[in-house]
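A short write-up of the structure that comes next.
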Amino acid sequence: MQNINKYLSVALLAIIITFSSCESEPEMNSQLEQIIQDSLAGEENAVDVVIPVDMSDPVSAEAIPDEDTSPITTCTDEGNNSSRQTDIANSVNVGTIDDRSCYANYTESTYLGKTWGVYNITDGSNHQDAPNTLQPRIERSFSRAQTTGVGSYVKFTGLVRILEAGDAVRDNDDGSYIMQAKGKHTGGGGSNDPAICLYIAKPVYGQNTNGKRVQVSFDIFREQINFRGGSGANGRQFVFLTNVKRNEPTEIVLEVGFRTDPADASKKIHYSDATIGGKEFNWNIPEPERGIQSGIRYGAYRVKGGRAQVRWADTTFEKIEKQ
C-alpha cells in the first residue's frame, strides 16, 4: 500500500504541474523526473519496481524435493562456518566459494536427473563482515581476465533454478542477485572491487493451489552502472530483462570482455552479454577505456528480508586473455 500511495502522489504532482505551470514541456518533464528521483533516493541502489500479483496459474503447494521449508532463522549450527572458503570435496559447481552466511553451507542435491549446487541465505546472516555492512552471500568466483585486448574475455555457463528470493518489508529491498560482472578500473572512484552489473531476481507473487500467497516467478533485472564506480540512485539503473518461472531450469550464459567498436575500429567496447533462457541481453559497459579487468561471480547474494534459495547445475568457465 505504501508503494501504491507513493506512485499516486507522483501522478497527482504530475497533474498539478501540467495544469498549473506555464513552463515548457522539457521543464515540466525535468520537474517530474526530479520528483521521481527524490522518491527513489532513500538508500544506496534504491529502486521501486511494481511487481504484479500473478493469479493466472497457481503453483503447486507441494514442496520441491531440494527446497528448504524449515523456519527462517539467521544462523544455524551447521551453517556457522568459520572460514569463507568452506566447501565440499569435488563440488560439481566450478569456482572458488565465498561463504558469508551462517544460515547454511553449500550442499548438493539430485533433482531432474542432475546434481545441483544448493545456495541458501537469509536476512542478516553475514557473520564474516562487520555487522550491518555487507549483505549475506554464498557465491563462487573465478580468476579474472587481466588483459584488455580485443578478444579477451571470461565466460560462464550454467543451469539455474530459483526457488525463493529476498522478501523484505520495502519493495525496494525485495530480490536477490544470482550473478554479477566484476572488474576494476583506472582513475579511481567507487568501490575497491566494483560490481559492473548485477543480475537480480525480484519475486512475483501469486497463489499456490492451497490459496497461500507465494513467489510464483521472478523478474530478472540488470543493475548496471551509469559510469565507472557508480552506485546509488544516480550511479546505477535497473533494466528489466525477462521473467522466469519458479523452479524452472533456465540456461544461463554470461560473457564479459572486450571487442572492437563497430563504429570505430580504433576503439574497444567493454561488454557484459547475458543469455537467459535463450534470450540475449547484451550491454556495453560505460567508459571502456578505463576498464582493466573482466570477472564473474555467481550463486546467491543479497537478502534484505526472508530467505533466498538458488540452485546451479552444469556450470562451466572459460577465460581467454589477449594483449
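Scheme for the C-alpha cells: letters A, B, ... for chains in order shown; per-chain residue numbers from 1; ligand numbers from 1 in order shown.
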Counting only C-alpha atoms, what is within 7 Å of stretch 218-224 of chain A, bar same-chain residues fewer than 5 positions away, as a list in words?
Ile196, Cys197, Leu198, Tyr199, Ile200, Ala201, Lys202, Pro203, Val204, Arg236, Gln237, Phe238, Val239, Phe240, Leu241, Thr242, Asn243, Val244, Lys245 and Arg246 of chain A
Which neighbours of stretch 117-125 of chain A fall inside 9 Å, counting only C-alpha atoms, when residues of the same chain fewer than 3 positions from it are skipped, and could you give them as number ranges by chain?
A: 66, 68, 72-75, 91-93, 100-109, 128, 131-132, 135-139, 166, 168, 299-313
Output for the residues just chosen: N, CA and C atoms as a tab-separated table (two decimals), in the first residue's frame:
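What follows is the written file result.tsv:
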```tsv
chain	number	residue	atom	x	y	z
A	66	ASP	N	14.34	-30.45	-3.16
A	66	ASP	CA	15.50	-29.83	-2.52
A	66	ASP	C	15.21	-28.42	-2.01
A	68	ASP	N	14.15	-25.76	0.86
A	68	ASP	CA	14.22	-25.61	2.31
A	68	ASP	C	12.91	-25.00	2.79
A	72	ILE	N	12.55	-19.82	8.94
A	72	ILE	CA	13.66	-18.94	8.58
A	72	ILE	C	14.31	-18.39	9.84
A	73	THR	N	15.60	-18.63	9.98
A	73	THR	CA	16.37	-18.09	11.09
A	73	THR	C	17.59	-17.39	10.53
A	74	THR	N	18.33	-16.71	11.41
A	74	THR	CA	19.53	-16.02	10.95
A	74	THR	C	20.69	-17.00	10.81
A	75	CYS	N	20.97	-17.77	11.85
A	75	CYS	CA	22.10	-18.71	11.84
A	75	CYS	C	21.66	-20.08	12.30
A	91	SER	N	33.20	-30.45	-5.49
A	91	SER	CA	31.88	-29.88	-5.76
A	91	SER	C	31.61	-29.86	-7.26
A	92	VAL	N	30.36	-30.06	-7.62
A	92	VAL	CA	30.00	-30.09	-9.05
A	92	VAL	C	30.00	-28.69	-9.64
A	93	ASN	N	29.85	-27.68	-8.81
A	93	ASN	CA	29.87	-26.30	-9.29
A	93	ASN	C	31.30	-25.79	-9.34
A	100	ARG	N	29.58	-16.30	3.03
A	100	ARG	CA	29.40	-15.30	4.09
A	100	ARG	C	27.95	-15.35	4.58
A	101	SER	N	27.53	-16.53	4.99
A	101	SER	CA	26.22	-16.73	5.59
A	101	SER	C	26.32	-17.83	6.63
A	102	CYS	N	25.80	-17.56	7.82
A	102	CYS	CA	25.82	-18.57	8.88
A	102	CYS	C	24.53	-19.37	8.90
A	103	TYR	N	23.68	-19.19	7.89
A	103	TYR	CA	22.42	-19.94	7.84
A	103	TYR	C	22.63	-21.36	7.32
A	104	ALA	N	23.38	-21.48	6.24
A	104	ALA	CA	23.60	-22.80	5.63
A	104	ALA	C	24.91	-22.77	4.87
A	105	ASN	N	25.56	-23.91	4.79
A	105	ASN	CA	26.74	-24.06	3.95
A	105	ASN	C	26.33	-24.62	2.59
A	106	TYR	N	27.23	-24.56	1.65
A	106	TYR	CA	26.99	-25.12	0.32
A	106	TYR	C	26.79	-26.64	0.44
A	107	THR	N	25.74	-27.13	-0.18
A	107	THR	CA	25.49	-28.57	-0.27
A	107	THR	C	25.08	-28.89	-1.70
A	108	GLU	N	24.78	-30.15	-1.96
A	108	GLU	CA	24.33	-30.55	-3.29
A	108	GLU	C	23.11	-31.45	-3.19
A	109	SER	N	22.31	-31.42	-4.24
A	109	SER	CA	21.09	-32.22	-4.29
A	109	SER	C	20.96	-32.87	-5.66
A	128	GLN	N	30.65	-12.93	8.61
A	128	GLN	CA	32.06	-12.77	8.28
A	128	GLN	C	32.49	-11.31	8.27
A	131	PRO	N	29.09	-6.13	11.36
A	131	PRO	CA	27.62	-6.09	11.39
A	131	PRO	C	27.07	-4.88	10.64
A	132	ASN	N	25.97	-5.12	9.93
A	132	ASN	CA	25.24	-4.05	9.23
A	132	ASN	C	26.07	-3.36	8.16
A	135	GLN	N	26.02	-7.45	2.58
A	135	GLN	CA	24.93	-8.41	2.52
A	135	GLN	C	25.43	-9.86	2.56
A	136	PRO	N	24.59	-10.78	3.08
A	136	PRO	CA	24.94	-12.20	3.06
A	136	PRO	C	25.11	-12.71	1.64
A	137	ARG	N	25.91	-13.76	1.50
A	137	ARG	CA	26.10	-14.36	0.19
A	137	ARG	C	26.75	-15.73	0.33
A	138	ILE	N	26.45	-16.59	-0.60
A	138	ILE	CA	27.27	-17.76	-0.91
A	138	ILE	C	27.45	-17.70	-2.41
A	139	GLU	N	28.64	-17.32	-2.83
A	139	GLU	CA	28.94	-17.14	-4.25
A	139	GLU	C	30.20	-17.92	-4.60
A	166	GLY	N	14.78	-12.77	-1.87
A	166	GLY	CA	14.53	-11.94	-0.70
A	166	GLY	C	13.17	-11.27	-0.72
A	168	ALA	N	11.39	-8.53	1.50
A	168	ALA	CA	11.62	-7.54	2.55
A	168	ALA	C	10.36	-6.72	2.81
A	299	GLY	N	25.94	-17.42	-7.78
A	299	GLY	CA	25.49	-18.13	-6.57
A	299	GLY	C	24.23	-17.50	-6.07
A	300	ALA	N	24.24	-17.05	-4.79
A	300	ALA	CA	23.12	-16.32	-4.19
A	300	ALA	C	23.71	-15.20	-3.33
A	301	TYR	N	23.23	-13.98	-3.54
A	301	TYR	CA	23.81	-12.81	-2.88
A	301	TYR	C	22.70	-11.79	-2.65
A	302	ARG	N	22.65	-11.23	-1.47
A	302	ARG	CA	21.71	-10.20	-1.04
A	302	ARG	C	20.36	-10.77	-0.67
A	303	VAL	N	19.98	-10.53	0.59
A	303	VAL	CA	18.64	-10.89	1.05
A	303	VAL	C	18.32	-9.96	2.22
A	304	LYS	N	17.52	-8.94	1.94
A	304	LYS	CA	17.20	-7.92	2.94
A	304	LYS	C	15.92	-8.23	3.69
A	305	GLY	N	15.42	-9.42	3.51
A	305	GLY	CA	14.25	-9.90	4.21
A	305	GLY	C	13.97	-11.32	3.77
A	306	GLY	N	13.63	-12.20	4.72
A	306	GLY	CA	13.29	-13.57	4.36
A	306	GLY	C	14.49	-14.41	3.99
A	307	ARG	N	14.36	-15.16	2.90
A	307	ARG	CA	15.37	-16.15	2.51
A	307	ARG	C	15.51	-16.16	0.99
A	308	ALA	N	16.69	-16.54	0.53
A	308	ALA	CA	16.92	-16.76	-0.90
A	308	ALA	C	17.40	-18.19	-1.08
A	309	GLN	N	16.88	-18.84	-2.12
A	309	GLN	CA	17.27	-20.22	-2.45
A	309	GLN	C	17.51	-20.31	-3.95
A	310	VAL	N	18.75	-20.59	-4.32
A	310	VAL	CA	19.13	-20.67	-5.73
A	310	VAL	C	19.87	-21.99	-5.94
A	311	ARG	N	19.62	-22.63	-7.07
A	311	ARG	CA	20.26	-23.90	-7.41
A	311	ARG	C	20.99	-23.76	-8.74
A	312	TRP	N	22.22	-24.30	-8.81
A	312	TRP	CA	23.02	-24.22	-10.03
A	312	TRP	C	23.52	-25.62	-10.44
A	313	ALA	N	23.45	-25.90	-11.74
A	313	ALA	CA	23.96	-27.17	-12.28
A	313	ALA	C	24.66	-26.91	-13.61
```
What separates atom CA of A:Glu248 and atom CA of A:Tyr177 is a distance of 16.9 Å
Which residue is closest to A:Ser217? Choose from A:Val256, A:Val94, A:Val169, A:Leu163 and count only C-alpha atoms.
A:Leu163
Nearest residue to A:Lys322 from the set A:Thr148, A:Asn284, A:Thr157, A:Ser272 (distances using only C-alpha atoms):
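Among the listed residues, the smallest separation from A:Lys322 belongs to A:Thr148.
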Write out as a PyMOL selection string all residues of stretch 14-255 of chain A that DSSP puts in helix (DSSP H, G or I) for this structure's backbone.
chain A and resi 14-20+25-40+171-173+232-235
Give me a file of those residues, with N, CA and C atoms, as a short mmCIF file (atom, residue, chain, number, x, y, z; two decimals), in the first residue's frame.
```
data_model
loop_
_atom_site.label_atom_id
_atom_site.label_comp_id
_atom_site.auth_asym_id
_atom_site.auth_seq_id
_atom_site.Cartn_x
_atom_site.Cartn_y
_atom_site.Cartn_z
N ALA A 14 2.28 15.27 -10.96
CA ALA A 14 2.43 15.44 -12.40
C ALA A 14 1.26 16.21 -12.99
N ILE A 15 0.03 15.89 -12.49
CA ILE A 15 -1.17 16.57 -12.98
C ILE A 15 -1.14 18.04 -12.59
N ILE A 16 -0.72 18.30 -11.34
CA ILE A 16 -0.64 19.68 -10.86
C ILE A 16 0.32 20.48 -11.72
N ILE A 17 1.50 19.87 -12.01
CA ILE A 17 2.48 20.56 -12.84
C ILE A 17 1.91 20.86 -14.22
N THR A 18 1.20 19.87 -14.77
CA THR A 18 0.68 20.00 -16.13
C THR A 18 -0.32 21.15 -16.26
N PHE A 19 -1.23 21.28 -15.25
CA PHE A 19 -2.30 22.25 -15.38
C PHE A 19 -2.01 23.61 -14.74
N SER A 20 -1.00 23.69 -13.91
CA SER A 20 -0.76 24.96 -13.23
C SER A 20 0.50 25.67 -13.69
N GLU A 25 7.44 22.18 -21.94
CA GLU A 25 7.34 20.75 -21.70
C GLU A 25 8.63 20.15 -21.16
N PRO A 26 9.83 20.49 -21.70
CA PRO A 26 11.06 19.95 -21.13
C PRO A 26 11.24 20.31 -19.67
N GLU A 27 10.85 21.55 -19.29
CA GLU A 27 10.99 21.95 -17.90
C GLU A 27 10.04 21.16 -17.01
N MET A 28 8.81 20.93 -17.48
CA MET A 28 7.85 20.14 -16.71
C MET A 28 8.36 18.71 -16.53
N ASN A 29 8.88 18.14 -17.61
CA ASN A 29 9.42 16.77 -17.52
C ASN A 29 10.58 16.71 -16.54
N SER A 30 11.39 17.77 -16.52
CA SER A 30 12.51 17.81 -15.60
C SER A 30 12.04 17.79 -14.15
N GLN A 31 10.97 18.59 -13.87
CA GLN A 31 10.44 18.62 -12.50
C GLN A 31 9.87 17.27 -12.11
N LEU A 32 9.13 16.66 -13.01
CA LEU A 32 8.55 15.36 -12.71
C LEU A 32 9.63 14.32 -12.49
N GLU A 33 10.67 14.35 -13.32
CA GLU A 33 11.76 13.40 -13.16
C GLU A 33 12.43 13.59 -11.79
N GLN A 34 12.58 14.86 -11.36
CA GLN A 34 13.20 15.12 -10.05
C GLN A 34 12.34 14.57 -8.93
N ILE A 35 11.00 14.72 -9.06
CA ILE A 35 10.09 14.16 -8.05
C ILE A 35 10.28 12.67 -7.94
N ILE A 36 10.34 12.00 -9.09
CA ILE A 36 10.51 10.54 -9.08
C ILE A 36 11.85 10.17 -8.49
N GLN A 37 12.91 10.90 -8.89
CA GLN A 37 14.24 10.59 -8.35
C GLN A 37 14.28 10.79 -6.85
N ASP A 38 13.63 11.86 -6.35
CA ASP A 38 13.61 12.10 -4.90
C ASP A 38 12.91 10.97 -4.17
N SER A 39 11.88 10.41 -4.80
CA SER A 39 11.16 9.32 -4.14
C SER A 39 11.98 8.05 -4.10
N LEU A 40 12.96 7.93 -5.00
CA LEU A 40 13.79 6.73 -5.03
C LEU A 40 15.02 6.85 -4.16
N ASP A 171 9.38 -2.73 -0.91
CA ASP A 171 9.53 -3.28 -2.25
C ASP A 171 10.93 -3.05 -2.80
N ASN A 172 11.51 -1.90 -2.45
CA ASN A 172 12.87 -1.58 -2.90
C ASN A 172 13.85 -2.70 -2.57
N ASP A 173 13.63 -3.33 -1.42
CA ASP A 173 14.61 -4.27 -0.88
C ASP A 173 14.35 -5.72 -1.27
N GLY A 232 24.24 3.84 -6.02
CA GLY A 232 23.09 4.66 -5.62
C GLY A 232 22.18 5.00 -6.78
N ALA A 233 21.19 5.84 -6.50
CA ALA A 233 20.16 6.15 -7.49
C ALA A 233 20.72 6.86 -8.72
N ASN A 234 21.78 7.64 -8.56
CA ASN A 234 22.37 8.34 -9.70
C ASN A 234 23.42 7.52 -10.42
N GLY A 235 24.06 6.61 -9.70
CA GLY A 235 25.17 5.87 -10.27
C GLY A 235 24.80 4.58 -10.94
#
```
